[in-house]
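Just entry.txt here, compact mmCIF, C-alpha atoms and all ligand atoms:
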# COMPACT_ATOMS: atom_id res chain seq x y z
CA MET A 1 102.16 86.25 103.39
CA THR A 2 103.63 89.57 104.48
CA GLU A 3 106.37 90.66 102.12
CA ILE A 4 109.78 90.74 103.76
CA LYS A 5 112.28 92.94 101.92
CA ALA A 6 115.35 91.06 103.10
CA TYR A 7 115.47 88.04 105.39
CA GLY A 8 118.01 87.97 108.20
CA PRO A 9 118.46 86.59 111.73
CA LYS A 10 116.15 89.27 113.18
CA ASN A 11 113.13 88.49 111.00
CA LEU A 12 113.55 84.77 110.38
CA PRO A 13 110.08 83.19 110.65
CA LEU A 14 110.26 80.97 113.73
CA GLU A 15 107.40 78.68 112.76
CA GLU A 16 108.64 75.29 111.52
CA LEU A 17 106.42 74.04 108.70
CA PHE A 18 108.71 71.09 108.09
CA ALA A 19 108.91 69.40 111.47
CA PRO A 20 112.04 67.87 112.99
CA GLY A 21 112.27 64.12 113.47
CA HIS A 22 112.48 63.30 109.78
CA ARG A 23 114.93 60.70 108.50
CA ALA A 24 117.26 62.67 106.23
CA CYS A 25 120.95 61.75 106.37
CA GLN A 26 123.38 63.81 108.44
CA GLY A 27 124.45 66.97 106.64
CA CYS A 28 121.67 66.77 104.02
CA ALA A 29 121.41 70.22 102.45
CA GLU A 30 118.26 69.21 100.57
CA VAL A 31 116.23 68.97 103.77
CA LEU A 32 117.66 72.30 104.94
CA ALA A 33 116.59 73.91 101.67
CA LEU A 34 113.09 72.54 102.16
CA ARG A 35 112.84 73.83 105.73
CA LEU A 36 113.96 77.32 104.65
CA ALA A 37 111.67 77.33 101.61
CA LEU A 38 108.64 76.49 103.79
CA LYS A 39 109.50 79.26 106.24
CA ALA A 40 109.43 81.67 103.31
CA LEU A 41 106.17 80.26 101.91
CA GLY A 42 104.21 80.32 105.15
CA LYS A 43 101.31 78.13 106.23
CA ASP A 44 98.87 79.03 103.43
CA THR A 45 100.63 76.62 101.14
CA VAL A 46 99.70 73.35 99.45
CA VAL A 47 102.57 71.07 98.42
CA ALA A 48 102.59 68.43 95.69
CA ASN A 49 105.78 66.45 96.23
CA ALA A 50 107.10 63.85 93.80
CA THR A 51 108.64 60.61 94.98
CA GLY A 52 112.23 61.24 96.02
CA CYS A 53 114.42 61.69 99.08
CA MET A 54 112.34 64.46 100.64
CA GLU A 55 109.18 62.40 100.40
CA ILE A 56 110.85 59.23 101.66
CA VAL A 57 112.44 60.87 104.70
CA SER A 58 109.37 62.89 105.68
CA THR A 59 106.41 60.53 105.40
CA PRO A 60 107.01 57.14 107.03
CA LEU A 61 103.49 56.16 108.10
CA PRO A 62 101.96 56.93 110.57
CA THR A 63 104.13 60.05 110.92
CA THR A 64 104.68 63.10 108.75
CA SER A 65 106.95 66.13 108.88
CA TRP A 66 104.58 68.26 106.83
CA VAL A 67 102.69 70.95 108.72
CA VAL A 68 101.06 72.25 105.51
CA PRO A 69 98.58 70.33 103.28
CA TYR A 70 100.66 67.78 101.39
CA ILE A 71 100.07 65.43 98.47
CA HIS A 72 102.57 62.74 97.58
CA VAL A 73 102.51 62.33 93.81
CA GLY A 74 104.26 60.15 91.24
CA PHE A 75 107.81 60.73 90.13
CA GLU A 76 106.52 62.21 86.88
CA ASN A 77 103.66 64.51 87.75
CA ALA A 78 104.38 67.00 90.54
CA ALA A 79 103.77 69.94 88.17
CA ALA A 80 100.58 68.43 86.73
CA VAL A 81 99.05 67.73 90.15
CA CYS A 82 100.05 71.17 91.40
CA SER A 83 98.40 72.76 88.32
CA GLY A 84 95.20 70.87 89.16
CA VAL A 85 95.27 72.05 92.77
CA GLU A 86 95.79 75.64 91.63
CA ALA A 87 92.96 75.49 89.09
CA GLY A 88 90.67 73.74 91.61
CA LEU A 89 91.27 76.31 94.35
CA LYS A 90 90.65 79.13 91.86
CA ALA A 91 87.33 77.55 90.81
CA LEU A 92 86.20 77.02 94.42
CA MET A 93 86.98 80.63 95.28
CA ARG A 94 85.17 81.87 92.16
CA LYS A 95 82.08 79.92 93.18
CA ALA A 96 82.40 81.26 96.75
CA ARG A 97 82.80 77.71 98.08
CA LEU A 98 86.06 78.87 99.67
CA PRO A 99 86.86 82.33 101.05
CA LYS A 100 89.08 84.32 98.69
CA LYS A 101 92.68 84.35 99.90
CA GLN A 102 96.14 83.75 98.54
CA ILE A 103 97.15 80.09 98.80
CA HIS A 104 100.54 79.16 97.40
CA CYS A 105 100.52 76.05 95.23
CA VAL A 106 103.97 74.53 95.24
CA ALA A 107 105.36 71.56 93.34
CA ILE A 108 108.54 70.03 94.75
CA ALA A 109 110.67 67.39 93.05
CA GLY A 110 114.25 66.20 92.88
CA ASP A 111 116.43 66.57 89.81
CA GLY A 112 115.30 63.15 88.57
CA GLY A 113 111.65 64.16 88.94
CA THR A 114 112.38 67.47 87.20
CA ALA A 115 115.13 67.14 84.59
CA ASP A 116 114.15 63.62 83.53
CA ILE A 117 110.75 62.07 84.01
CA GLY A 118 108.80 65.16 85.18
CA MET A 119 110.01 67.44 82.39
CA GLN A 120 106.91 67.33 80.21
CA ALA A 121 104.58 67.96 83.16
CA LEU A 122 106.78 70.89 84.19
CA SER A 123 106.92 72.36 80.70
CA GLY A 124 103.14 71.99 80.31
CA ALA A 125 102.42 73.74 83.61
CA LEU A 126 104.77 76.62 82.79
CA GLU A 127 103.28 76.99 79.33
CA ARG A 128 99.69 77.00 80.66
CA GLY A 129 100.59 79.84 83.00
CA HIS A 130 99.42 78.38 86.32
CA ASP A 131 99.97 80.58 89.34
CA MET A 132 102.33 78.17 91.06
CA VAL A 133 105.88 77.72 92.26
CA TYR A 134 107.98 74.79 91.12
CA ILE A 135 110.96 73.96 93.32
CA CYS A 136 113.61 71.56 92.08
CA LEU A 137 115.78 70.16 94.88
CA ASP A 138 118.84 69.25 92.85
CA ASN A 139 121.19 66.77 94.51
CA GLU A 140 122.49 65.76 91.08
CA ALA A 141 121.39 62.09 91.02
CA TYR A 142 118.57 59.69 91.90
CA MET A 143 119.65 59.48 95.51
CA ASN A 144 116.86 57.65 97.32
CA THR A 145 116.98 54.67 94.99
CA GLY A 146 120.74 54.21 95.35
CA ILE A 147 122.66 57.03 93.62
CA GLN A 148 121.87 56.48 89.94
CA ARG A 149 122.81 59.15 87.39
CA SER A 150 120.25 61.69 86.20
CA SER A 151 120.52 64.20 83.36
CA SER A 152 121.41 66.70 86.10
CA THR A 153 124.50 64.72 87.18
CA PRO A 154 127.61 66.72 86.29
CA TYR A 155 130.19 65.57 83.77
CA GLY A 156 132.68 63.09 85.21
CA ALA A 157 130.76 62.30 88.41
CA MET A 158 130.70 58.76 89.73
CA THR A 159 127.28 57.25 90.34
CA THR A 160 126.25 53.60 90.47
CA THR A 161 125.10 53.82 86.84
CA SER A 162 128.07 55.91 85.69
CA PRO A 163 130.87 54.03 87.45
CA PRO A 164 134.44 55.00 86.53
CA GLY A 165 136.61 52.09 85.43
CA ARG A 166 138.34 50.69 82.36
CA LEU A 167 135.34 51.35 80.11
CA SER A 168 133.95 54.54 81.62
CA PHE A 169 135.21 57.73 83.27
CA GLY A 170 131.97 58.53 85.13
CA GLN A 171 129.06 60.62 83.85
CA SER A 172 129.70 61.19 80.14
CA THR A 173 127.26 64.04 79.46
CA GLN A 174 127.05 67.64 80.69
CA LYS A 175 124.52 68.64 83.35
CA LYS A 176 121.16 69.66 81.89
CA ASN A 177 120.45 73.32 82.63
CA VAL A 178 116.83 73.24 83.79
CA ALA A 179 116.78 76.85 85.05
CA GLU A 180 117.55 77.98 81.50
CA ILE A 181 114.91 75.63 80.09
CA ALA A 182 112.36 77.14 82.50
CA ALA A 183 113.47 80.67 81.55
CA ALA A 184 113.02 79.81 77.88
CA HIS A 185 109.28 79.42 78.61
CA GLY A 186 109.16 83.17 79.17
CA ILE A 187 107.65 82.81 82.67
CA PRO A 188 107.70 85.77 85.09
CA TYR A 189 110.28 84.43 87.55
CA VAL A 190 113.18 81.95 87.54
CA ALA A 191 115.93 81.72 90.15
CA THR A 192 118.81 79.54 91.23
CA ALA A 193 119.51 79.16 94.95
CA CYS A 194 121.53 77.18 97.48
CA PRO A 195 120.90 76.70 101.22
CA SER A 196 124.50 77.84 101.90
CA TYR A 197 123.00 81.30 101.19
CA PRO A 198 119.84 80.94 103.34
CA TRP A 199 118.58 84.55 103.24
CA ASP A 200 118.97 84.67 99.48
CA LEU A 201 117.14 81.34 99.14
CA MET A 202 114.22 82.49 101.28
CA LYS A 203 113.90 85.81 99.47
CA LYS A 204 113.82 84.02 96.12
CA VAL A 205 111.19 81.51 97.23
CA GLN A 206 109.09 84.38 98.60
CA LYS A 207 109.42 86.32 95.34
CA ALA A 208 108.46 83.19 93.41
CA ALA A 209 105.35 82.79 95.56
CA LEU A 210 104.27 86.42 95.26
CA VAL A 211 104.69 86.69 91.52
CA GLU A 212 101.53 86.18 89.48
CA GLY A 213 101.90 83.17 87.19
CA PRO A 214 104.44 80.36 87.15
CA ALA A 215 107.78 80.62 88.92
CA TYR A 216 110.67 78.16 88.99
CA VAL A 217 113.38 77.91 91.67
CA HIS A 218 116.32 75.57 91.12
CA ILE A 219 118.09 74.74 94.39
CA LEU A 220 121.48 73.04 94.41
CA SER A 221 121.47 70.80 97.48
CA VAL A 222 124.60 69.05 98.68
CA CYS A 223 124.03 65.34 99.38
CA PRO A 224 126.91 63.91 101.47
CA THR A 225 125.68 60.36 100.82
CA GLY A 226 125.77 60.58 97.04
CA TRP A 227 128.56 63.13 96.69
CA ARG A 228 130.79 61.20 99.08
CA SER A 229 131.46 64.38 101.03
CA GLN A 230 131.77 65.11 104.73
CA PRO A 231 128.36 65.91 106.33
CA GLU A 232 129.85 68.81 108.29
CA GLU A 233 131.12 70.40 105.08
CA SER A 234 127.78 70.69 103.25
CA ILE A 235 127.41 74.43 103.79
CA GLU A 236 131.00 75.12 102.75
CA LEU A 237 130.63 72.86 99.71
CA GLY A 238 127.55 74.81 98.58
CA LYS A 239 129.55 78.03 98.91
CA LEU A 240 132.35 76.49 96.86
CA ALA A 241 129.87 75.51 94.13
CA VAL A 242 128.93 79.18 93.89
CA ALA A 243 132.45 80.60 94.27
CA SER A 244 133.89 78.23 91.66
CA ARG A 245 131.04 79.30 89.32
CA VAL A 246 129.92 75.72 88.93
CA PHE A 247 126.53 76.91 90.22
CA PRO A 248 126.07 80.67 89.80
CA LEU A 249 123.28 82.32 91.76
CA TYR A 250 121.00 84.49 89.64
CA GLU A 251 117.39 85.34 88.94
CA VAL A 252 115.47 86.03 85.76
CA GLU A 253 112.59 88.46 86.28
CA ASN A 254 110.42 88.94 83.21
CA GLY A 255 113.29 87.86 80.99
CA ARG A 256 115.92 90.05 82.67
CA TYR A 257 118.93 88.36 84.25
CA ARG A 258 120.59 89.51 87.46
CA PHE A 259 123.29 87.94 89.66
CA THR A 260 122.08 87.47 93.23
CA PRO A 261 124.23 87.90 95.15
CA LYS A 262 127.08 89.36 93.11
CA PRO A 263 129.41 86.43 92.27
CA PRO A 264 132.14 86.05 94.90
CA LYS A 265 135.82 86.03 93.89
CA GLN A 266 136.31 82.99 91.66
CA VAL A 267 138.02 79.93 93.16
CA PRO A 268 139.38 77.15 90.94
CA VAL A 269 136.90 74.39 90.27
CA ILE A 270 139.36 71.82 91.69
CA ASP A 271 138.77 73.28 95.18
CA TYR A 272 135.13 72.24 94.83
CA LEU A 273 135.79 68.87 93.17
CA LYS A 274 138.45 67.64 95.58
CA LYS A 275 136.07 67.67 98.55
CA GLN A 276 133.86 65.06 96.87
CA GLY A 277 134.64 61.37 96.55
CA ARG A 278 132.44 61.17 93.43
CA PHE A 279 135.17 63.08 91.52
CA ARG A 280 138.16 61.27 93.06
CA HIS A 281 139.02 59.42 89.83
CA LEU A 282 139.23 62.51 87.60
CA THR A 283 142.47 63.10 85.71
CA ASP A 284 144.13 66.54 85.44
CA LYS A 285 142.99 66.70 81.81
CA MET A 286 139.35 66.13 82.79
CA ILE A 287 139.55 68.75 85.52
CA GLU A 288 140.94 71.19 82.96
CA GLU A 289 138.03 70.37 80.65
CA ILE A 290 135.54 70.94 83.48
CA GLN A 291 137.17 74.28 84.33
CA LYS A 292 136.98 75.36 80.68
CA ASN A 293 133.32 74.44 80.46
CA VAL A 294 132.47 76.24 83.72
CA ASP A 295 134.24 79.40 82.49
CA GLU A 296 132.45 79.26 79.14
CA GLN A 297 129.01 78.80 80.73
CA PHE A 298 129.67 81.63 83.17
CA CYS A 299 130.74 83.94 80.33
CA ARG A 300 127.42 83.28 78.58
CA LEU A 301 125.50 84.04 81.77
CA GLU A 302 127.49 87.23 82.34
CA ALA A 303 126.58 88.36 78.82
CA LYS A 304 122.88 87.82 79.56
CA VAL A 305 123.19 89.84 82.78
CA ARG A 306 125.02 92.62 80.91
CA ILE A 307 122.43 92.75 78.11
CA SER A 308 119.60 92.79 80.68
CA LEU A 309 121.21 95.71 82.50
CA GLU A 310 121.67 97.63 79.26
CA ALA A 311 118.07 96.95 78.28
CA SER A 312 116.74 98.15 81.64
CA GLN A 313 118.63 101.43 81.24
CA GLU A 314 117.20 102.13 77.80
CA PRO A 315 115.31 105.42 77.74
CA GLN A 316 111.54 104.87 77.77
CA GLU A 317 109.60 106.10 74.73
C1 LIG U 1 107.70 56.34 86.95
C2 LIG U 1 108.66 55.95 88.02
N1 LIG U 1 109.89 55.49 87.65
C3 LIG U 1 110.78 55.14 88.60
C4 LIG U 1 110.45 55.23 89.93
C5 LIG U 1 111.46 54.81 90.98
N2 LIG U 1 112.00 55.97 91.65
C6 LIG U 1 111.46 56.47 92.76
S1 LIG U 1 112.29 57.81 93.33
C7 LIG U 1 113.40 57.69 92.06
C8 LIG U 1 114.56 58.64 91.98
C9 LIG U 1 114.25 60.04 92.45
O1 LIG U 1 115.34 60.86 92.16
P1 LIG U 1 115.23 62.39 92.32
O2 LIG U 1 113.97 62.89 91.72
O3 LIG U 1 116.48 63.00 91.81
O4 LIG U 1 115.09 62.59 93.88
P2 LIG U 1 116.13 62.24 95.07
O5 LIG U 1 115.77 60.89 95.56
O6 LIG U 1 117.50 62.33 94.53
O7 LIG U 1 115.85 63.30 96.07
C10 LIG U 1 113.11 56.63 91.23
C11 LIG U 1 113.88 56.26 90.03
C12 LIG U 1 109.18 55.70 90.26
N3 LIG U 1 108.80 55.86 91.54
N4 LIG U 1 108.31 56.05 89.29
S1 LIG U 2 120.56 60.62 100.23
FE1 LIG U 2 121.29 62.73 100.05
S2 LIG U 2 119.51 64.01 99.53
FE2 LIG U 2 118.77 62.02 100.27
S3 LIG U 2 118.39 62.36 102.46
FE3 LIG U 2 120.47 61.54 102.26
S4 LIG U 2 121.82 63.34 102.12
FE4 LIG U 2 119.71 64.02 101.74

Would you write out, as structure tokens, the structure that this file holds?
Ligand SMILES: Cc1ncc(C[n+]2csc(CCOP(=O)(O)OP(=O)(O)O)c2C)c(N)n1
Ligand code: SF4
Amino acid sequence: MTEIKAYGPKNLPLEELFAPGHRACQGCAEVLALRLALKALGKDTVVANATGCMEIVSTPLPTTSWVVPYIHVGFENAAAVCSGVEAGLKALMRKARLPKKQIHCVAIAGDGGTADIGMQALSGALERGHDMVYICLDNEAYMNTGIQRSSSTPYGAMTTTSPPGRLSFGQSTQKKNVAEIAAAHGIPYVATACPSYPWDLMKKVQKAALVEGPAYVHILSVCPTGWRSQPEESIELGKLAVASRVFPLYEVENGRYRFTPKPPKQVPVIDYLKKQGRFRHLTDKMIEEIQKNVDEQFCRLEAKVRISLEASQEPQE
């Protein structure tokens, strides 16, 4: 992989490593994220992909959308299988059974396969220090099995297992912050990304692949089917997630936090929520609560960025 300092229309890799003709829904930002990520990774890549939307839409036998070597793995073990591939390739190269070259080992899973059932495999792989990239495609529910809640579903959202009604107001817990959990492992690189910011996403995936050791990239991916949003508004909705600070874009390099890009001017969280049918039932009081929580979380993140900046300016001994 040749390092590209900043992606843009002039140097966008033209090769499609995720072929068209797949069966994703109209306006699916998850499949767009995948296509961009593969452009950044290049063809010397092996993918271990957990069961989920991206596997379902891309592999109906006898066809496949994957132009790189691909292994479909269980819901729970994308990180474990990817670790095995990485260790195996390393051993084969050491024994000169394969020519020495950089091959990117990439685990890909949805938020269900990451925040819920794949968590222990992910934590184990990060702790063991495998040279691999883990990409979570976060559409905030178990979409391919019929929109059930996950621990990454945001507070108040309607899913088929968190239905609002007389006895429930939607999802009753706050979204699990997996990027922070990954960062707490002290790995070299963690980033959040969104396909509404394609150049930023590609640069982060490339950085993750080039870093030595484990890297984690958490990608918020709008799902019109589960979010009850308009397919043509997916890119705008991703931008609103960032601008409302519901999903800030940042990276953590060797423990140091940095906003990437600089957060845009804040828009009220209601502007983001009102475009999604899954939040239609929320009361003003709940929206206020969500706003308060978003502001609080953002404040914490800002403090980490500030401390990191101060630390990086410390005089060297
Ligand atoms: C151990 C196990 N439990 C449950 C399932 C059924 N199952 C397959 S995919 C899936 C949901 C996947 O959700 P997510 O990882 O968020 O991906 P998405 O479909 O939203 O892209 C479930 C529950 C399974 N395949 N394996
Ligand atoms: S259900 Fe959502 S994530 Fe899955 S293919 Fe459709 S739009 Fe994409």

> Which residues come within 12 Å of range 284-292 of chain A, counting all atoms listed in the file, excluding same-chain residues fewer than 3 positions away, as a VMD selection string?
Replying inline: chain A and resid 154 to 157 169 to 175 244 to 246 266 to 274 279 to 281 295 to 299

>> Using all atoms listed in the file, which residues have at least one atom no more than 9 Å from ligand LIG 1 (chain U)? Output them as an NGL selection string.
In response: :A and (30 or 50-56 or 74-76 or 109-118 or 136-150 or 152 or 223 or 226)

>> Using only C-alpha atoms, can you tell me which of A:Val57, A:Asp200, A:Arg97, A:Val46 comes closest to Tyr134 in chain A?
In response: A:Val46

> Interatomic distance between CA of Glu232 in chain A and CA of Glu251 in chain A?
Replying inline: 28.3 Å

Draw an axis-aligned box tight on the listed atoms of ligand LIG 2 (chain U), then pad every side by 5 Å and write out centre and edge lengths in Å to one decimal as lines of an AutoDock Vina configuration file.
center_x = 120.1
center_y = 62.3
center_z = 101.0
size_x = 13.4
size_y = 13.4
size_z = 12.9

>> I'd like to know which of A:Leu201, A:Thr283, A:Gly213, A:Pro224 is closest to ligand LIG 2 (chain U), using all atoms listed in the file.
In response: A:Pro224

> With all atoms listed in the file as the atoms that count, which of A:Ala24, A:Ala191, A:Leu17, A:Leu309 lies nearest to Pro60 in chain A?
Replying inline: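 The shortest atom-to-atom distance to Pro60 in chain A comes from A:Ala24.
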
>> One number please: CA of Ile103 in chain A to CA of Ala33 in chain A, in Å, one decimal.
In response: 20.6 Å

>> Considering all atoms listed in the file, can you say which of A:Pro231, A:Pro214, A:Gly42, A:Gly238 comes closest to ligand LIG 2 (chain U)?
In response: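 Of A:Pro231, A:Pro214, A:Gly42, A:Gly238, the one nearest ligand LIG 2 (chain U) is A:Pro231, counting all atoms listed in the file.
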
> Taking all atoms listed in the file into account, which of A:Gly129, A:Gly27, A:Pro20, A:Pro13 comes nearest ligand LIG 2 (chain U)?
Replying inline: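 Selected residue with least distance to ligand LIG 2 (chain U): A:Gly27.
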
>> Considering all atoms listed in the file, can you say which of A:His185, A:Lys304, A:His104, A:Arg256 comes closest to Glu212 in chain A?
In response: A:His104

> Do you know which residues are at most 12 Å from Lys101 in chain A counting all atoms listed in the file, after dropping those on the same chain fewer than 3 positions away, and could you put them as a list in words?
Replying inline: Met1, Asp44, Thr45, Leu89, Lys90, Leu92, Met93, Arg94, Ala96, Leu98 and His104 of chain A

Output file for the residues above (C-alpha atoms, as a compact mmCIF listing (two decimals), keeping the file's coordinate frame):
# COMPACT_ATOMS: atom_id res chain seq x y z
CA MET A 1 102.16 86.25 103.39
CA ASP A 44 98.87 79.03 103.43
CA THR A 45 100.63 76.62 101.14
CA LEU A 89 91.27 76.31 94.35
CA LYS A 90 90.65 79.13 91.86
CA LEU A 92 86.20 77.02 94.42
CA MET A 93 86.98 80.63 95.28
CA ARG A 94 85.17 81.87 92.16
CA ALA A 96 82.40 81.26 96.75
CA LEU A 98 86.06 78.87 99.67
CA HIS A 104 100.54 79.16 97.40

> CA of Ala79 in chain A and CA of Glu127 in chain A, how far apart in Å?
Replying inline: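 Straight-line distance from CA of Glu127 in chain A to CA of Ala79 in chain A works out to 11.3 Å.
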
> Within 9 Å of Tyr7 in chain A, counting only C-alpha atoms, which residues qualify if same-chain residues fewer than 3 places away don't, as a list in words?
Replying inline: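 Selected residues are Ile4, Lys10, Asn11, Leu12, Pro13, Pro198, Trp199, Asp200, Met202 and Lys203 of chain A.
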
> Do you know which residues are at most 10 Å from Ala183 in chain A counting all atoms listed in the file, after dropping those on the same chain fewer than 2 positions away, and could you put them as a list in words?
Replying inline: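 These residues fall inside the cut-off: Leu126, Val178, Ala179, Glu180, Ile181, His185, Gly186, Ile187, Pro188, Tyr189, Val190, Ala191, Ala215, Tyr216, Glu251, Val252, Glu253, Asn254, Gly255, Arg256 and Tyr257 of chain A.
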
Filtering to C-alpha atoms, could you give me those residues as a tab-separated table (two decimals), in the frame of the given file?
chain	number	residue	atom	x	y	z
A	126	LEU	CA	104.77	76.62	82.79
A	178	VAL	CA	116.83	73.24	83.79
A	179	ALA	CA	116.78	76.85	85.05
A	180	GLU	CA	117.55	77.98	81.50
A	181	ILE	CA	114.91	75.63	80.09
A	185	HIS	CA	109.28	79.42	78.61
A	186	GLY	CA	109.16	83.17	79.17
A	187	ILE	CA	107.65	82.81	82.67
A	188	PRO	CA	107.70	85.77	85.09
A	189	TYR	CA	110.28	84.43	87.55
A	190	VAL	CA	113.18	81.95	87.54
A	191	ALA	CA	115.93	81.72	90.15
A	215	ALA	CA	107.78	80.62	88.92
A	216	TYR	CA	110.67	78.16	88.99
A	251	GLU	CA	117.39	85.34	88.94
A	252	VAL	CA	115.47	86.03	85.76
A	253	GLU	CA	112.59	88.46	86.28
A	254	ASN	CA	110.42	88.94	83.21
A	255	GLY	CA	113.29	87.86	80.99
A	256	ARG	CA	115.92	90.05	82.67
A	257	TYR	CA	118.93	88.36	84.25

Please fill the gaps in range 119-126 of chain A so it has all heavy atoms, and write that as a PDB file, in the frame of the given file.
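Ended up saving to part.pdb:
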ATOM      1  N   MET A 119     109.766  66.282  83.252  1.00  0.00           N
ATOM      2  CA  MET A 119     110.010  67.440  82.390  1.00  0.00           C
ATOM      3  C   MET A 119     108.772  67.877  81.590  1.00  0.00           C
ATOM      4  O   MET A 119     108.481  69.055  81.484  1.00  0.00           O
ATOM      5  CB  MET A 119     111.189  67.117  81.463  1.00  0.00           C
ATOM      6  CG  MET A 119     111.588  68.209  80.516  1.00  0.00           C
ATOM      7  SD  MET A 119     111.915  69.771  81.337  1.00  0.00           S
ATOM      8  CE  MET A 119     113.644  69.672  81.622  1.00  0.00           C
ATOM      9  N   GLN A 120     108.061  66.917  81.034  1.00  0.00           N
ATOM     10  CA  GLN A 120     106.910  67.330  80.210  1.00  0.00           C
ATOM     11  C   GLN A 120     105.793  67.934  81.071  1.00  0.00           C
ATOM     12  O   GLN A 120     105.147  68.900  80.664  1.00  0.00           O
ATOM     13  CB  GLN A 120     106.424  66.202  79.294  1.00  0.00           C
ATOM     14  CG  GLN A 120     105.931  64.930  79.986  1.00  0.00           C
ATOM     15  CD  GLN A 120     104.472  64.995  80.383  1.00  0.00           C
ATOM     16  OE1 GLN A 120     103.744  65.862  79.917  1.00  0.00           O
ATOM     17  NE2 GLN A 120     104.048  64.106  81.262  1.00  0.00           N
ATOM     18  N   ALA A 121     105.613  67.393  82.280  1.00  0.00           N
ATOM     19  CA  ALA A 121     104.580  67.960  83.160  1.00  0.00           C
ATOM     20  C   ALA A 121     104.984  69.387  83.566  1.00  0.00           C
ATOM     21  O   ALA A 121     104.146  70.298  83.615  1.00  0.00           O
ATOM     22  CB  ALA A 121     104.409  67.088  84.401  1.00  0.00           C
ATOM     23  N   LEU A 122     106.280  69.563  83.821  1.00  0.00           N
ATOM     24  CA  LEU A 122     106.780  70.890  84.190  1.00  0.00           C
ATOM     25  C   LEU A 122     106.590  71.875  83.042  1.00  0.00           C
ATOM     26  O   LEU A 122     106.045  72.970  83.211  1.00  0.00           O
ATOM     27  CB  LEU A 122     108.276  70.791  84.577  1.00  0.00           C
ATOM     28  CG  LEU A 122     109.026  72.114  84.731  1.00  0.00           C
ATOM     29  CD1 LEU A 122     108.430  72.964  85.847  1.00  0.00           C
ATOM     30  CD2 LEU A 122     110.510  71.863  85.028  1.00  0.00           C
ATOM     31  N   SER A 123     107.019  71.474  81.849  1.00  0.00           N
ATOM     32  CA  SER A 123     106.920  72.360  80.700  1.00  0.00           C
ATOM     33  C   SER A 123     105.454  72.721  80.426  1.00  0.00           C
ATOM     34  O   SER A 123     105.126  73.886  80.153  1.00  0.00           O
ATOM     35  CB  SER A 123     107.545  71.687  79.469  1.00  0.00           C
ATOM     36  OG  SER A 123     107.454  72.531  78.362  1.00  0.00           O
ATOM     37  N   GLY A 124     104.572  71.745  80.545  1.00  0.00           N
ATOM     38  CA  GLY A 124     103.140  71.990  80.310  1.00  0.00           C
ATOM     39  C   GLY A 124     102.590  73.000  81.302  1.00  0.00           C
ATOM     40  O   GLY A 124     101.878  73.936  80.928  1.00  0.00           O
ATOM     41  N   ALA A 125     102.948  72.828  82.574  1.00  0.00           N
ATOM     42  CA  ALA A 125     102.420  73.740  83.610  1.00  0.00           C
ATOM     43  C   ALA A 125     102.942  75.155  83.391  1.00  0.00           C
ATOM     44  O   ALA A 125     102.193  76.130  83.549  1.00  0.00           O
ATOM     45  CB  ALA A 125     102.812  73.231  84.994  1.00  0.00           C
ATOM     46  N   LEU A 126     104.214  75.278  83.015  1.00  0.00           N
ATOM     47  CA  LEU A 126     104.770  76.620  82.790  1.00  0.00           C
ATOM     48  C   LEU A 126     104.102  77.264  81.581  1.00  0.00           C
ATOM     49  O   LEU A 126     103.786  78.446  81.581  1.00  0.00           O
ATOM     50  CB  LEU A 126     106.298  76.542  82.562  1.00  0.00           C
ATOM     51  CG  LEU A 126     107.144  75.953  83.707  1.00  0.00           C
ATOM     52  CD1 LEU A 126     108.634  76.085  83.379  1.00  0.00           C
ATOM     53  CD2 LEU A 126     106.844  76.616  85.042  1.00  0.00           C
TER      54      LEU A 126
END
